[in-house]
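Enquirer: Here's a structure for you.
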Amino acid sequence: MRPRSRTPGSLLGRAVLPALLTLVAGTAGAAPPAHAEAAYDLVIRQGHVIDPKNGIDAVTDVAVKDGKVAKVGAGIDPAQATRTVDASGKYVTPGIIDLHAHMFTGRNDAYASGVLAVAPDGFTFRAGVTTAVDTGSAGWKNFGEFKKYVIDKSKTRVLAFLNIVGKGMAGGRYEQDLNDMRAGPAARTAKKYPGVIVGIKTAHYEGMDWKPVERSVSAGEQANIPVMVDFGSNRPERPLAQLLTEKLRPGDIYTHAYSGNRGELGEDGKLNPGMWAGRKRGVLFDVGHGGGSFAWKVAVPGMKEGFTPDTLSTDLHVTSMNSGMKDMANVMSKFLVLGMPLKDVVAASTWKSAQAVKRADLGHLSVGAPADIAVFSLDKGAFGYTDSFGFKLAGDQKLTCELTVRAGEVVWDLNGMTAKPWAPGLGGGGEEHEH
């Protein structure tokens with residue numbers, strides 16, 4: 001960063017300020033004539049674009065108009081844009097999709113309308129996330145409340161896996177109540193909100209039988225949407241291999257894939273063969289890091305065996321964000337450290353997640369797609385990454401979200417990439433603003 005000028009104010013006003021004003025105008029690119037409408041609202045220039053759906057992995061430009069991607073290609077004229085951003089040396093991706101989060105905030109001591117969930121916009125944009133999928137916080141009895149007070153009020157695009165439990169993740173005995181796990185009402189609710197409810201979730205069950213999974217799959221079949229399973233307690237009556245090879249369908253999702261809590265890793269230090277059999281069947285494997293569901297002792301040997309995740313996600317909630325998980329950019333960085341190429345990390349955080357929930361309109365930068373965009377720096381240095389059990393792995397790379405654009409609007413700008421340089425006399429505060 002250049003040191004600030006210490007030129008006396010009188011000289012600055014007479015000699016330097018006009019030049020600064022010219023510089024400010026230039027940083028936004030030459031504006032189109034006053035009588036003409038700009039061809040683009042925003043152009044992000046000279047960033048390394050990674051768009052897995054469209055096979056783009058190169059330095060190029062991205063233009064936005066009316067909340068949509070208008071053009072992707074080299075040499076877009078900045079004079080045709082209302083605003084330009086120089087992304088040189090940074091990576092430009094589709095807006096990140098967090099496939100596993102908990103955002104149904106409220107007064108209860110739970111994830112369902114509870115204090116354990118987090119408000120979306122406060123914890124999504126700063127990590128490049130433009131779409132977050134709440135996974136089962138709400139059930140078919142309280143989804144209307146979730147939609148009214150969270151989904152409809154958030155700038156973040158919030159989608160949902162509907163809990164097979166009518167009361168959702170209300171905690172304790174509520175999530176063990178088989179009488180409240182009903183496929184018909186869940187399917188009907190899902191069909192009432194197509195494209196918003198993108199799946200059915202079963203989680204936290206401690207019993208011996210398969211009814212929660214079977215009823216979830218039945219609801220998924222009726223609504224033509226996938227099922228996500230958080231397998232709950234590890235019981236011999238419900239072996240992981242049976243879940244992955246008999247109970248789940250191709251396209252269904254097993255989350256917390258690297259937790260080690262449910263037999264994902266065998267006593268021989270190798271992955272449970274059922275994991276590989278499930279992948280062959282077409283089951284998808286999601287990270288779902290969470291506060292207690294990601295272990296280096298599983299992820300390191302699993303990645304060495306070549307068992308890469310289909311989708312990356314946070315399991316965002318109050319505990320996880322303040323412990324080893326932190327945020328989506330941190331989870332993405334962990335898989336870089338584990339040897340996953342950056343383009344694959346981006347794919348598992350964008351296009352593959354969109355496909356998993358049958359939202360092919362998301363997770364890419366095709367012309368006409370929503371202008372959901374993230375810009376990351378990839379820093380080199382000495383970094384430490386902790387799992388959910390207090391163990392640390394050193395890494396030399398770290399992704400940091402510099403800029404997030406949601407539907408064409410800049411919603412996060414870490415270092416002022418879109419701001420105008422300030423100098424004395426340029427305003428910005430004071431009497432003209434109320435606080």
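Note on naming: chains are A, B, ... as they come in the structure tokens, residues start from 1 per chain, ligands start from 1 in the order shown.
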Could you give me, as a list in words, the residues within 8 Å of Val318 (chain A), counting only C-alpha atoms and dropping anything in the same chain fewer than 3 positions from it?

Expert: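 My reading of the contact set: Leu116, Ala117, Val118, Met321 and Asn322 of chain A.
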
Enquirer: Pull N, CA and C atoms from the residues just selected and write them as a tab-separated table (two decimals), in the first residue's frame.

Expert:
```
chain	number	residue	atom	x	y	z
A	116	LEU	N	-29.37	-21.72	17.76
A	116	LEU	CA	-28.19	-22.42	17.24
A	116	LEU	C	-27.98	-22.14	15.76
A	117	ALA	N	-29.01	-21.63	15.09
A	117	ALA	CA	-28.92	-21.28	13.68
A	117	ALA	C	-28.37	-19.87	13.52
A	118	VAL	N	-28.00	-19.52	12.29
A	118	VAL	CA	-27.45	-18.18	12.03
A	118	VAL	C	-28.23	-17.51	10.91
A	321	MET	N	-19.10	-22.44	13.17
A	321	MET	CA	-18.44	-21.25	12.64
A	321	MET	C	-17.43	-20.67	13.61
A	322	ASN	N	-17.55	-21.03	14.89
A	322	ASN	CA	-16.62	-20.54	15.90
A	322	ASN	C	-15.61	-21.59	16.34
```

Enquirer: For Asp344 (chain A), list every protein, DNA or RNA residue within 10 Å, evaluated using only C-alpha atoms, and leave out those in the same chain fewer than 6 positions away; present the list as a PyMOL selection string.

Expert: chain A and resi 50+52+308-311+335-336+350+352

Enquirer: Export, as a CSV table (one decimal), in the first residue's frame, the selected residues with all heavy atoms.

Expert:
```
chain,number,residue,atom,x,y,z
A,50,ILE,N,-12.8,-19.4,-13.2
A,50,ILE,CA,-13.0,-20.8,-13.2
A,50,ILE,C,-14.5,-21.1,-13.2
A,50,ILE,O,-15.2,-20.8,-12.2
A,50,ILE,CB,-12.4,-21.5,-11.9
A,50,ILE,CG1,-10.9,-21.2,-11.9
A,50,ILE,CG2,-12.6,-23.0,-11.9
A,50,ILE,CD1,-10.1,-21.7,-10.7
A,52,PRO,N,-16.6,-24.3,-14.0
A,52,PRO,CA,-16.6,-25.7,-14.4
A,52,PRO,C,-17.6,-26.2,-15.4
A,52,PRO,O,-17.3,-26.9,-16.3
A,52,PRO,CB,-16.7,-26.4,-13.1
A,52,PRO,CG,-16.2,-25.5,-12.0
A,52,PRO,CD,-16.6,-24.1,-12.5
A,308,THR,N,-12.7,-38.5,-3.2
A,308,THR,CA,-12.9,-37.0,-3.1
A,308,THR,C,-14.4,-36.8,-2.9
A,308,THR,O,-15.2,-37.5,-3.4
A,308,THR,CB,-12.4,-36.3,-4.4
A,308,THR,OG1,-13.1,-36.9,-5.5
A,308,THR,CG2,-10.9,-36.5,-4.5
A,309,PRO,N,-14.7,-35.7,-2.2
A,309,PRO,CA,-16.1,-35.4,-2.0
A,309,PRO,C,-16.8,-34.9,-3.3
A,309,PRO,O,-16.2,-34.3,-4.2
A,309,PRO,CB,-16.1,-34.2,-1.0
A,309,PRO,CG,-14.8,-33.6,-1.3
A,309,PRO,CD,-13.8,-34.7,-1.6
A,310,ASP,N,-18.1,-35.2,-3.4
A,310,ASP,CA,-18.9,-34.7,-4.6
A,310,ASP,C,-19.2,-33.2,-4.3
A,310,ASP,O,-19.2,-32.5,-5.3
A,310,ASP,CB,-20.2,-35.5,-4.7
A,310,ASP,CG,-19.9,-36.9,-5.2
A,310,ASP,OD1,-19.5,-37.1,-6.3
A,310,ASP,OD2,-20.1,-37.9,-4.4
A,311,THR,N,-19.5,-32.9,-3.1
A,311,THR,CA,-19.8,-31.5,-2.8
A,311,THR,C,-19.2,-31.1,-1.5
A,311,THR,O,-19.0,-31.9,-0.6
A,311,THR,CB,-21.4,-31.3,-2.6
A,311,THR,OG1,-21.9,-32.3,-1.7
A,311,THR,CG2,-22.1,-31.6,-4.0
A,335,PHE,N,-9.5,-28.5,1.5
A,335,PHE,CA,-9.4,-29.5,0.4
A,335,PHE,C,-8.3,-29.1,-0.6
A,335,PHE,O,-7.7,-30.0,-1.2
A,335,PHE,CB,-10.7,-29.7,-0.2
A,335,PHE,CG,-11.6,-30.6,0.7
A,335,PHE,CD1,-12.3,-30.2,1.7
A,335,PHE,CD2,-11.5,-32.0,0.5
A,335,PHE,CE1,-13.1,-31.0,2.5
A,335,PHE,CE2,-12.2,-32.9,1.3
A,335,PHE,CZ,-13.0,-32.4,2.3
A,336,LEU,N,-7.9,-27.9,-0.7
A,336,LEU,CA,-6.7,-27.6,-1.4
A,336,LEU,C,-5.5,-28.2,-0.7
A,336,LEU,O,-4.6,-28.8,-1.4
A,336,LEU,CB,-6.5,-26.0,-1.5
A,336,LEU,CG,-7.4,-25.2,-2.4
A,336,LEU,CD1,-7.1,-23.8,-2.4
A,336,LEU,CD2,-7.3,-25.7,-3.9
A,350,THR,N,-19.9,-25.3,-6.5
A,350,THR,CA,-20.7,-24.6,-7.4
A,350,THR,C,-21.6,-25.5,-8.2
A,350,THR,O,-22.7,-25.9,-7.8
A,350,THR,CB,-19.9,-23.6,-8.2
A,350,THR,OG1,-18.9,-24.4,-9.0
A,350,THR,CG2,-19.2,-22.6,-7.4
A,352,LYS,N,-21.5,-28.7,-9.2
A,352,LYS,CA,-21.9,-30.0,-8.7
A,352,LYS,C,-22.9,-29.9,-7.6
A,352,LYS,O,-23.9,-30.7,-7.5
A,352,LYS,CB,-20.7,-30.8,-8.2
A,352,LYS,CG,-19.7,-31.3,-9.3
A,352,LYS,CD,-18.7,-32.2,-8.7
A,352,LYS,CE,-17.9,-32.9,-9.8
A,352,LYS,NZ,-16.9,-33.8,-9.3
```

Enquirer: Write out as a PyMOL selection string each polymer residue whose atoms come within 10 Å of Arg126 (chain A), counting only C-alpha atoms; drop sequence neighbours fewer than 3 positions from it.

Expert: chain A and resi 121-123+129-130+327-329+374+400-404+411-414

Enquirer: Let's see if you can do this: from backbone DSSP, list all alpha helix (DSSP H) residues in region 212-330 of chain A, as a compact mmCIF listing (two decimals) with C-alpha atoms, in the first residue's frame.

Expert:
```
# COMPACT_ATOMS: atom_id res chain seq x y z
CA PRO A 212 -36.68 -42.38 9.21
CA VAL A 213 -34.63 -43.18 6.11
CA GLU A 214 -37.38 -45.19 4.44
CA ARG A 215 -39.97 -42.49 5.02
CA SER A 216 -37.57 -39.82 3.77
CA VAL A 217 -36.94 -41.80 0.59
CA SER A 218 -40.67 -42.27 0.14
CA ALA A 219 -41.21 -38.50 0.43
CA GLY A 220 -38.34 -37.91 -1.99
CA GLU A 221 -39.85 -40.30 -4.50
CA GLN A 222 -43.26 -38.63 -4.27
CA ALA A 223 -41.80 -35.12 -4.73
CA LEU A 240 -23.38 -47.73 6.99
CA ALA A 241 -22.83 -50.09 4.07
CA GLN A 242 -26.48 -51.09 4.06
CA PRO A 273 -15.80 -50.56 1.50
CA GLY A 274 -19.43 -49.49 1.74
CA MET A 275 -18.35 -45.94 0.89
CA TRP A 276 -16.92 -47.09 -2.42
CA ALA A 277 -19.94 -49.32 -3.06
CA GLY A 278 -22.25 -46.39 -2.37
CA ARG A 279 -20.35 -44.22 -4.83
CA LYS A 280 -20.63 -46.93 -7.46
CA ARG A 281 -24.37 -46.99 -6.81
CA TRP A 296 -8.37 -35.43 9.55
CA LYS A 297 -8.00 -39.12 10.48
CA VAL A 298 -10.70 -39.90 7.89
CA ALA A 299 -10.15 -37.14 5.33
CA VAL A 300 -6.40 -37.64 4.91
CA PRO A 301 -6.44 -41.41 4.19
CA GLY A 302 -9.71 -41.04 2.28
CA MET A 303 -8.22 -38.47 -0.07
CA LYS A 304 -5.07 -40.56 -0.46
CA VAL A 318 -23.17 -21.12 15.81
CA THR A 319 -20.81 -23.83 17.08
CA SER A 320 -19.19 -24.80 13.78
CA MET A 321 -18.44 -21.25 12.64
CA MET A 328 -16.99 -22.00 3.35
CA ALA A 329 -13.73 -20.42 2.15
CA ASN A 330 -11.93 -22.21 4.99
```

Enquirer: Do you know which residues are at most 10 Å from region 168-181 of chain A counting only C-alpha atoms, after dropping those on the same chain fewer than 3 positions away, and could you put them as a ChimeraX atom specification?

Expert: /A:102,104,108-114,135-143,162-165,184-186,201-207,211-213,215-216

Enquirer: Looking at only C-alpha atoms, which of A:Gly291, A:Thr189, A:Asp209, A:Phe376 is the one that sits closest to Gly47 (chain A)?

Expert: A:Phe376

Enquirer: Using only C-alpha atoms, which residues sit within 6 Å of Leu399 (chain A) once same-chain residues fewer than 4 positions away are excluded, as a ChimeraX atom specification?

Expert: /A:329,333,377-378

Enquirer: Name the closest residue to Ala407 (chain A) among the candidates A:Ala371, A:Met103, A:Leu426, A:Ala354; distances are taken between atoms, counting only C-alpha atoms.

Expert: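 Counting only C-alpha atoms, the residue closest to Ala407 (chain A) is A:Ala371.
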
Enquirer: Restricting the calculation to only C-alpha atoms, which member of A:Ala348, A:Leu362, A:Leu338, A:Ala101 is positioned closest to His317 (chain A)?

Expert: A:Ala101

Enquirer: Go ahead and compute the interatomic distance for CA of Asp61 (chain A) and CA of Ala87 (chain A), in Å to one decimal.

Expert: 8.9 Å
